[in-house]
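**Q** What follows is data-v9.cif, made up of mmCIF, C-alpha atoms and all ligand atoms:
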```
data_entry
loop_
_atom_site.label_atom_id
_atom_site.label_comp_id
_atom_site.auth_asym_id
_atom_site.auth_seq_id
_atom_site.Cartn_x
_atom_site.Cartn_y
_atom_site.Cartn_z
CA MET K 189 0.00 0.00 0.00
CA THR K 190 1.16 3.52 -0.79
CA ILE K 191 -0.63 6.01 1.41
CA ASP K 192 -0.60 9.83 1.03
CA LEU K 193 -2.72 11.62 3.66
CA HIS K 194 -2.51 15.31 2.67
CA THR K 195 -3.35 16.77 -0.77
CA HIS K 196 -5.14 19.82 -2.18
CA SER K 197 -7.49 20.27 -5.13
CA ASN K 198 -8.75 23.44 -6.78
CA LYS K 199 -11.51 23.50 -4.17
CA SER K 200 -8.80 25.35 -2.22
CA ASP K 201 -5.32 26.30 -3.48
CA GLY K 202 -4.37 23.18 -5.45
CA THR K 203 -4.55 23.26 -9.25
CA ASP K 204 -6.14 19.84 -10.02
CA SER K 205 -9.90 19.39 -9.90
CA PRO K 206 -10.81 16.63 -7.40
CA LYS K 207 -11.34 14.27 -10.36
CA GLU K 208 -7.92 15.12 -11.83
CA LEU K 209 -6.34 14.70 -8.41
CA ILE K 210 -7.69 11.14 -8.18
CA ALA K 211 -6.43 10.34 -11.68
CA ASN K 212 -2.99 11.74 -10.83
CA ALA K 213 -2.95 9.82 -7.54
CA VAL K 214 -3.63 6.57 -9.41
CA ALA K 215 -0.94 7.44 -11.98
CA ALA K 216 1.52 8.11 -9.12
CA GLY K 217 0.89 4.58 -7.81
CA LEU K 218 -1.00 5.56 -4.64
CA THR K 219 -3.46 3.06 -3.19
CA VAL K 220 -4.85 5.48 -0.58
CA VAL K 221 -5.12 9.26 -0.95
CA ALA K 222 -6.66 11.83 1.40
CA LEU K 223 -8.16 15.01 -0.04
CA THR K 224 -7.50 17.73 2.56
CA ASP K 225 -8.48 21.10 1.12
CA HIS K 226 -8.11 24.16 3.32
CA ASP K 227 -11.19 24.75 5.52
CA SER K 228 -13.63 23.11 3.09
CA THR K 229 -15.16 19.74 2.23
CA GLU K 230 -16.44 21.04 -1.12
CA GLY K 231 -14.36 18.53 -3.13
CA TRP K 232 -15.45 15.38 -1.31
CA THR K 233 -18.36 14.36 -3.55
CA GLU K 234 -16.46 14.71 -6.84
CA ALA K 235 -13.38 12.96 -5.43
CA ASP K 236 -15.51 10.15 -3.98
CA LYS K 237 -17.20 9.53 -7.31
CA ALA K 238 -13.86 9.43 -9.14
CA ALA K 239 -12.21 7.20 -6.52
CA LYS K 240 -15.07 4.67 -6.67
CA ARG K 241 -14.53 4.32 -10.42
CA ALA K 242 -10.76 3.94 -10.01
CA ASP K 243 -8.75 1.45 -8.00
CA ILE K 244 -7.93 3.75 -5.10
CA ARG K 245 -9.27 4.41 -1.61
CA LEU K 246 -10.22 7.99 -0.76
CA ILE K 247 -9.90 9.32 2.77
CA LYS K 248 -12.10 12.39 3.15
CA GLY K 249 -10.25 15.13 4.96
CA ILE K 250 -9.68 18.80 5.55
CA GLU K 251 -6.83 21.10 6.63
CA ILE K 252 -8.23 23.59 9.11
CA SER K 253 -6.59 27.00 9.66
CA THR K 254 -6.16 27.32 13.42
CA LYS K 255 -4.20 29.35 15.93
CA LEU K 256 -2.46 28.50 19.17
CA SER K 257 -1.27 31.45 21.26
CA GLY K 258 -1.56 33.67 18.20
CA LYS K 259 0.57 31.40 15.99
CA SER K 260 -0.81 29.77 12.87
CA ILE K 261 -1.16 25.95 13.06
CA HIS K 262 -2.75 23.69 10.44
CA LEU K 263 -4.92 20.82 11.68
CA LEU K 264 -5.76 17.82 9.49
CA GLY K 265 -9.20 16.34 10.15
CA TYR K 266 -10.33 13.03 8.61
CA GLU K 267 -13.56 11.10 8.08
CA PHE K 268 -15.84 13.33 10.16
CA ASP K 269 -19.51 14.06 9.55
CA PRO K 270 -19.45 16.98 7.07
CA THR K 271 -22.97 18.01 8.12
CA ASP K 272 -22.08 18.37 11.81
CA LYS K 273 -23.54 21.77 12.78
CA PRO K 274 -21.01 23.04 15.35
CA LEU K 275 -18.07 22.12 13.08
CA LEU K 276 -19.73 23.67 10.01
CA THR K 277 -20.42 26.88 11.90
CA GLU K 278 -16.73 27.20 12.80
CA LEU K 279 -15.57 26.33 9.26
CA ASN K 280 -17.92 28.96 7.84
CA LYS K 281 -16.34 31.55 10.14
CA VAL K 282 -12.92 30.65 8.74
CA LEU K 283 -14.20 30.80 5.15
CA ASP K 284 -15.82 34.21 5.85
CA GLY K 285 -12.42 35.39 7.09
CA ARG K 286 -10.83 34.29 3.80
CA ASN K 287 -13.43 36.20 1.80
CA SER K 288 -13.27 39.40 3.82
CA ARG K 289 -9.46 39.41 3.62
CA LEU K 290 -9.49 39.63 -0.19
CA PRO K 291 -10.69 43.26 -0.56
CA ALA K 292 -8.24 44.32 2.18
CA THR K 293 -5.35 42.58 0.35
CA LEU K 294 -6.29 44.21 -2.98
CA GLU K 295 -6.48 47.61 -1.25
CA ARG K 296 -2.90 47.13 0.04
CA LEU K 297 -1.73 46.20 -3.45
CA ARG K 298 -3.45 49.28 -4.92
CA ASP K 299 -1.60 51.41 -2.33
CA ILE K 300 1.68 50.28 -3.91
CA GLY K 301 0.44 50.74 -7.45
CA ILE K 302 -0.66 47.21 -8.33
CA ASP K 303 -4.22 47.12 -9.58
CA ILE K 304 -5.95 43.73 -9.45
CA ASP K 305 -9.67 43.12 -9.63
CA ALA K 306 -11.37 40.72 -7.19
CA LYS K 307 -12.90 38.99 -10.22
CA ASP K 308 -9.41 38.10 -11.53
CA VAL K 309 -8.51 36.48 -8.21
CA ARG K 310 -11.83 34.58 -8.12
CA ARG K 311 -11.11 33.25 -11.60
CA HIS K 312 -7.84 31.75 -10.34
CA SER K 313 -9.65 30.23 -7.36
CA SER K 314 -12.20 28.47 -9.64
CA ASN K 315 -14.82 30.15 -7.44
CA ALA K 316 -13.97 27.71 -4.65
CA ALA K 317 -15.29 28.48 -1.17
CA ALA K 318 -11.74 28.44 0.23
CA MET K 319 -9.91 31.20 -1.65
CA GLY K 320 -6.53 32.32 -0.38
CA ARG K 321 -3.24 34.10 -0.90
CA PRO K 322 -2.05 31.61 -3.56
CA HIS K 323 -4.88 32.83 -5.81
CA VAL K 324 -3.79 36.44 -5.32
CA ALA K 325 -0.29 35.21 -6.18
CA ASP K 326 -1.61 33.64 -9.40
CA ALA K 327 -3.19 36.98 -10.37
CA LEU K 328 0.16 38.71 -9.72
CA VAL K 329 1.89 36.13 -11.95
CA GLU K 330 -0.68 36.72 -14.69
CA LEU K 331 -0.08 40.46 -14.46
CA GLY K 332 3.64 39.82 -14.91
CA VAL K 333 4.56 41.40 -11.57
CA VAL K 334 6.22 38.19 -10.34
CA ALA K 335 7.37 34.94 -11.96
CA ASN K 336 5.66 32.44 -9.65
CA ARG K 337 3.71 31.90 -6.40
CA ASP K 338 6.89 31.70 -4.29
CA GLU K 339 8.06 35.11 -5.46
CA ALA K 340 4.60 36.59 -4.84
CA PHE K 341 4.66 35.29 -1.25
CA ALA K 342 8.23 36.44 -0.64
CA LYS K 343 7.68 39.97 -2.00
CA TYR K 344 4.10 40.78 -1.08
CA LEU K 345 2.05 38.21 0.79
CA THR K 346 3.87 37.07 3.95
CA PRO K 347 3.81 38.89 7.33
CA GLY K 348 5.81 42.12 7.16
CA LYS K 349 5.33 42.45 3.38
CA PRO K 350 3.13 45.19 1.89
CA ALA K 351 0.05 43.15 0.98
CA TYR K 352 -0.13 40.83 4.00
CA VAL K 353 -3.45 40.87 5.85
CA ASP K 354 -4.26 38.62 8.82
CA ARG K 355 -7.47 36.61 8.89
CA TYR K 356 -9.64 34.68 11.32
CA ALA K 357 -8.53 31.16 12.27
CA ALA K 358 -10.17 28.70 14.66
CA ASP K 359 -8.73 28.09 18.11
CA LEU K 360 -6.66 24.86 17.82
CA VAL K 361 -8.07 23.14 20.91
CA THR K 362 -11.62 24.01 19.86
CA ALA K 363 -10.98 22.67 16.34
CA ILE K 364 -9.64 19.35 17.66
CA ARG K 365 -12.68 18.98 19.90
CA LEU K 366 -15.08 19.83 17.05
CA VAL K 367 -13.57 17.29 14.60
CA LYS K 368 -13.55 14.59 17.29
CA ALA K 369 -17.15 15.36 18.29
CA ALA K 370 -18.10 15.01 14.59
CA GLY K 371 -16.64 11.48 14.62
CA GLY K 372 -13.30 12.28 12.95
CA ARG K 373 -9.56 11.82 13.48
CA THR K 374 -7.09 14.67 14.02
CA VAL K 375 -3.46 15.05 12.99
CA LEU K 376 -1.24 18.13 13.32
CA ALA K 377 -0.12 19.12 9.81
CA HIS K 378 3.64 19.80 9.40
CA PRO K 379 3.94 20.79 13.10
CA TRP K 380 7.44 22.24 12.71
CA SER K 381 7.21 23.74 9.23
CA ARG K 382 8.83 27.14 8.67
CA GLY K 383 5.83 29.15 9.83
CA SER K 384 5.34 27.19 13.04
CA HIS K 385 8.90 26.09 13.72
CA ARG K 386 9.22 24.99 17.34
CA VAL K 387 6.05 26.86 18.33
CA LEU K 388 4.72 23.50 19.47
CA THR K 389 6.73 21.97 22.29
CA ALA K 390 6.49 18.34 23.43
CA THR K 391 4.55 19.55 26.48
CA GLN K 392 2.02 21.40 24.32
CA ILE K 393 1.64 18.41 21.99
CA GLY K 394 1.01 16.24 25.09
CA ALA K 395 -1.73 18.63 26.19
CA LEU K 396 -3.30 18.45 22.71
CA LYS K 397 -3.37 14.66 22.94
CA GLU K 398 -5.39 15.01 26.13
CA VAL K 399 -8.09 16.92 24.20
CA GLY K 400 -8.21 14.34 21.38
CA LEU K 401 -5.23 14.73 19.04
CA ASP K 402 -4.55 11.41 17.26
CA GLY K 403 -1.34 11.99 15.34
CA LEU K 404 1.54 14.05 14.00
CA GLU K 405 2.39 14.56 10.33
CA ILE K 406 6.11 13.95 10.68
CA ASP K 407 7.19 12.97 7.17
CA HIS K 408 6.62 16.22 5.27
CA ASN K 409 8.95 18.15 2.99
CA ASP K 410 9.03 21.12 5.37
CA HIS K 411 10.72 18.94 8.03
CA SER K 412 14.48 18.28 8.10
CA ALA K 413 15.86 14.86 9.05
CA ASP K 414 16.53 16.25 12.56
CA ASP K 415 12.96 17.56 12.87
CA ARG K 416 11.62 14.15 11.85
CA ALA K 417 13.80 12.29 14.36
CA GLU K 418 12.78 14.61 17.22
CA LEU K 419 9.11 14.55 16.31
CA ALA K 420 9.21 10.74 16.01
CA TYR K 421 10.62 10.58 19.54
CA ILE K 422 7.77 12.80 20.80
CA ALA K 423 5.14 10.77 18.92
CA LYS K 424 6.48 7.54 20.38
CA LYS K 425 6.57 8.88 23.91
CA LEU K 426 3.02 10.22 23.65
CA ASP K 427 1.72 7.21 21.67
CA LEU K 428 0.61 9.41 18.77
CA VAL K 429 0.26 8.11 15.21
CA ARG K 430 3.06 9.08 12.79
CA THR K 431 1.86 10.10 9.34
CA GLY K 432 3.63 11.18 6.17
CA SER K 433 2.30 12.94 3.11
CA SER K 434 3.07 15.10 0.11
CA ASP K 435 0.92 18.21 0.73
CA TYR K 436 0.51 18.14 -3.07
CA HIS K 437 -0.90 21.34 -4.65
CA GLY K 438 -0.66 20.35 -8.35
CA THR K 439 1.46 22.90 -10.21
CA GLY K 440 0.91 25.36 -7.33
CA LYS K 441 3.81 24.07 -5.25
CA ILE K 442 7.04 22.74 -6.73
CA ASP K 443 8.69 19.59 -5.28
CA PHE K 444 5.62 18.45 -3.33
CA GLU K 445 4.75 15.59 -5.70
CA LEU K 446 2.12 12.95 -4.87
CA GLY K 447 3.65 10.18 -2.75
CA CYS K 448 6.91 12.06 -2.03
CA ASN K 449 6.26 11.17 1.63
CA THR K 450 3.95 8.36 2.71
CA THR K 451 2.27 6.87 5.78
CA ALA K 452 3.15 3.36 6.98
CA VAL K 453 0.34 0.79 6.85
CA ASP K 454 0.42 0.07 10.62
CA GLN K 455 0.10 3.79 11.39
CA PHE K 456 -2.71 4.14 8.85
CA ASN K 457 -4.53 1.23 10.47
CA ARG K 458 -4.27 2.87 13.88
CA LEU K 459 -6.17 5.85 12.46
CA PHE K 460 -8.67 4.17 10.17
CA GLY K 461 -8.83 0.49 11.11
CA GLY K 462 -7.66 -2.47 8.97
P1 LIG K 501 -3.78 31.32 3.01
O1 LIG K 501 -4.48 30.01 3.08
O2 LIG K 501 -4.46 32.30 2.16
O3 LIG K 501 -3.44 31.88 4.36
O4 LIG K 501 -2.38 31.03 2.28
C1 LIG K 501 -1.52 30.08 2.85
C2 LIG K 501 -1.32 28.91 1.91
O5 LIG K 501 -0.51 29.34 0.84
C3 LIG K 501 -0.55 27.78 2.55
O6 LIG K 501 -1.40 26.85 3.15
C4 LIG K 501 0.19 27.17 1.40
O7 LIG K 501 -0.60 26.20 0.78
C5 LIG K 501 0.39 28.33 0.46
N1 LIG K 501 1.74 28.90 0.53
C6 LIG K 501 2.38 29.37 1.62
N2 LIG K 501 3.60 29.85 1.30
C7 LIG K 501 3.73 29.67 -0.04
C8 LIG K 501 4.76 29.95 -0.97
N3 LIG K 501 5.92 30.51 -0.58
N4 LIG K 501 4.56 29.62 -2.25
C9 LIG K 501 3.40 29.05 -2.63
N5 LIG K 501 2.39 28.77 -1.80
C10 LIG K 501 2.55 29.07 -0.51
ZN ZN K 502 -2.39 25.19 0.54
FE FE K 503 -0.57 23.48 5.67
FE FE K 504 -1.65 21.64 2.96
#
```
Translate the structure of the given file into structure tokens.
**A**
Amino acid sequence: MTIDLHTHSNKSDGTDSPKELIANAVAAGLTVVALTDHDSTEGWTEADKAAKRADIRLIKGIEISTKLSGKSIHLLGYEFDPTDKPLLTELNKVLDGRNSRLPATLERLRDIGIDIDAKDVRRHSSNAAAMGRPHVADALVELGVVANRDEAFAKYLTPGKPAYVDRYAADLVTAIRLVKAAGGRTVLAHPWSRGSHRVLTATQIGALKEVGLDGLEIDHNDHSADDRAELAYIAKKLDLVRTGSSDYHGTGKIDFELGCNTTAVDQFNRLFGG
């Protein structure tokens, strides 16, 4: 089995449609793939239909934008009830925050002489519910202001840069509780990636386990070999599941190809049964 538990479609900031994602996952030799769009389950139905026709198992997931002590943390949620009211209410708050950030971002860009219309950004986001900075980046690329998404983030869209605007994110502990109450599993996405490097200590991760955290995404391209070894030690001590995944975004993120990191079968079975 080849298991990849973190991918994005164009229902957030990936570039494949859910159907294309499934086809590419099959072509990459995956036997299990999780669709984990940012803050939205919009792609589940299309992905499910495609996966049933192909020889691949779909895990239905999400990557929720959360905060812990003011720092941004991404939480992977899997196989929860997508109609659960309390969870949906919180996700809608996060999606509202994404939408209300867009005009503020475009205003900042206008202040420095870059004129982009909201409609252009929406076109790049395929009108998905979960629009984000990568779609603004795509509009900047189209305008010829930057060469690619990375350059757009580095010059304009990260904290401290002229067009950065903060947005609402769910409280991490609340988000874990909501996904668990909706019958799901929870895994911290790339816990020590650049943005969140060492924000989460072993003690904090232990406290998150107490509220329902199931696992840590250890094998991820944002983690060095040292990070992985240390996180593996923490996971073992706390009896948390160790996952690995690509965080594939189609052509939106270079060197995050499907299956570039994978989850071991025994760890997968701990999360989802045999
Ligand atoms: P947002 O969801 O709007 O806050 O934008 C953050 C998302 O943009 C992350 O989840 C990544 O998927 C993506 N991202 C972050 N940094 C970069 C970068 N340097 N280049 C391309 N995409 C990025
Ligand atoms: Zn993303
Ligand atoms: Fe993430
Ligand atoms: Fe992701």
**Q** Between K:Val429, K:Ala238, K:Ala377, K:Ile364, which one has atoms that come closest to Gly400 (chain K), using all atoms listed in the file?
**A**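 Selected residue with least distance to Gly400 (chain K): K:Ile364.
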**Q** In terms of the shortest atom-to-atom distance over only C-alpha atoms and all ligand atoms, which of K:Lys207, K:Arg286, K:Lys424, K:His194 is closest to ligand FE 504 (chain K)?
**A**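 Closest candidate: K:His194.
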**Q** Would you mind telling me which residue in K:His378, K:Arg337, K:Arg298, K:Arg289 lies nearest to Tyr352 (chain K) when using only C-alpha atoms?
**A**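 Selected residue with least distance to Tyr352 (chain K): K:Arg289.
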**Q** Identify, counting all atoms listed in the file, the protein, DNA and RNA residues located within 6 Å of ligand LIG 501 (chain K), and give them as a list of chain:residue names.
**A**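 Written in the requested form, the residues are K:Gly320, K:Arg321, K:Pro322, K:Arg337, K:Asp338, K:Phe341, K:Lys441.
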**Q** Please report the interatomic distance between CA of Ala239 (chain K) and CA of Val214 (chain K) in Å with one decimal.
**A**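 Straight-line distance from CA of Ala239 (chain K) to CA of Val214 (chain K) works out to 9.1 Å.
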**Q** What is the CA of Thr229 (chain K) to CA of Asp326 (chain K) distance in Å?
**A**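 Going from CA of Thr229 (chain K) over to CA of Asp326 (chain K) covers 22.6 Å.
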**Q** Report, in Å with one decimal, the straight-line distance from CA of Leu279 (chain K) to CA of Asp227 (chain K).
**A**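 CA of Leu279 (chain K) sits 6.0 Å away from CA of Asp227 (chain K).
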**Q** At a cut-off of 8 Å around ligand FE 503 (chain K), and using only C-alpha atoms and all ligand atoms, what residues come up? Please write them as a PyMOL selection string.
**A** chain K and resi 226+251+261-263+377-378+435
**Q** Give the answer as one residue: which of K:Pro347, K:Gly258, K:Gly432, K:Gly440 has the shortest atom-to-atom distance to ligand ZN 502 (chain K), using all atoms listed in the file?
**A** K:Gly440
**Q** For the contact check between region 312-387 of chain K and region 198-203 of chain K, emit one row per residue of region 312-387 of chain K within 7 Å, containing the shortest atom pair and the distance in Å rounded to one decimal, counting only C-alpha atoms, chain then rising number order, as a tab-separated table.
**A**
```
residue	atom	partner	partner_atom	distance
K:Ser313	CA	K:Asn198	CA	6.9
K:Ser314	CA	K:Asn198	CA	6.7
K:Ala316	CA	K:Lys199	CA	4.9
K:Ala317	CA	K:Lys199	CA	6.9
K:Ala318	CA	K:Ser200	CA	4.9
K:Met319	CA	K:Ser200	CA	6.0
K:Gly320	CA	K:Asp201	CA	6.9
K:Pro322	CA	K:Asp201	CA	6.2
K:His323	CA	K:Asp201	CA	6.9
```
**Q** Considering all atoms listed in the file, can you say which of K:Thr254, K:Asn457, K:Thr439, K:Thr451 comes closest to Leu209 (chain K)?
**A**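 Of K:Thr254, K:Asn457, K:Thr439, K:Thr451, the one nearest Leu209 (chain K), counting all atoms listed in the file, is K:Thr439.
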**Q** Generate the coordinates of N, CA, C and O atoms for region 417-433 of chain K; report them as a short mmCIF file (atom, residue, chain, number, x, y, z; two decimals), in the frame of the given file.
**A**
```
data_model
loop_
_atom_site.label_atom_id
_atom_site.label_comp_id
_atom_site.auth_asym_id
_atom_site.auth_seq_id
_atom_site.Cartn_x
_atom_site.Cartn_y
_atom_site.Cartn_z
N ALA K 417 13.32 13.17 13.29
CA ALA K 417 13.80 12.29 14.36
C ALA K 417 13.24 12.76 15.71
O ALA K 417 12.76 11.96 16.51
N GLU K 418 13.28 14.07 15.94
CA GLU K 418 12.78 14.61 17.22
C GLU K 418 11.28 14.42 17.36
O GLU K 418 10.77 14.06 18.43
N LEU K 419 10.56 14.70 16.27
CA LEU K 419 9.11 14.55 16.31
C LEU K 419 8.72 13.08 16.49
O LEU K 419 7.74 12.77 17.17
N ALA K 420 9.49 12.18 15.87
CA ALA K 420 9.21 10.74 16.01
C ALA K 420 9.38 10.31 17.46
O ALA K 420 8.61 9.50 17.98
N TYR K 421 10.38 10.88 18.12
CA TYR K 421 10.62 10.58 19.54
C TYR K 421 9.41 11.04 20.37
O TYR K 421 8.91 10.31 21.23
N ILE K 422 8.94 12.26 20.08
CA ILE K 422 7.77 12.80 20.80
C ILE K 422 6.53 11.94 20.55
O ILE K 422 5.79 11.60 21.47
N ALA K 423 6.33 11.57 19.28
CA ALA K 423 5.14 10.77 18.92
C ALA K 423 5.17 9.43 19.66
O ALA K 423 4.15 8.96 20.16
N LYS K 424 6.34 8.84 19.73
CA LYS K 424 6.48 7.54 20.38
C LYS K 424 6.17 7.66 21.87
O LYS K 424 5.41 6.88 22.44
N LYS K 425 6.75 8.68 22.47
CA LYS K 425 6.57 8.88 23.91
C LYS K 425 5.10 9.13 24.25
O LYS K 425 4.59 8.67 25.27
N LEU K 426 4.41 9.87 23.38
CA LEU K 426 3.02 10.22 23.65
C LEU K 426 2.03 9.23 23.03
O LEU K 426 0.81 9.41 23.13
N ASP K 427 2.56 8.20 22.36
CA ASP K 427 1.72 7.21 21.67
C ASP K 427 0.79 7.87 20.64
O ASP K 427 -0.40 7.55 20.57
N LEU K 428 1.36 8.79 19.85
CA LEU K 428 0.61 9.41 18.77
C LEU K 428 0.97 8.72 17.45
O LEU K 428 2.08 8.21 17.29
N VAL K 429 0.02 8.71 16.52
CA VAL K 429 0.26 8.11 15.21
C VAL K 429 1.22 8.99 14.41
O VAL K 429 1.15 10.22 14.49
N ARG K 430 2.13 8.35 13.66
CA ARG K 430 3.06 9.08 12.79
C ARG K 430 2.55 9.00 11.35
O ARG K 430 2.42 7.91 10.81
N THR K 431 2.27 10.13 10.75
CA THR K 431 1.86 10.10 9.34
C THR K 431 2.90 10.79 8.47
O THR K 431 3.79 11.50 8.96
N GLY K 432 2.77 10.53 7.15
CA GLY K 432 3.63 11.18 6.17
C GLY K 432 2.81 11.46 4.94
O GLY K 432 1.87 10.72 4.62
N SER K 433 3.11 12.57 4.27
CA SER K 433 2.30 12.94 3.11
C SER K 433 3.02 13.97 2.24
O SER K 433 4.04 14.52 2.62
#
```
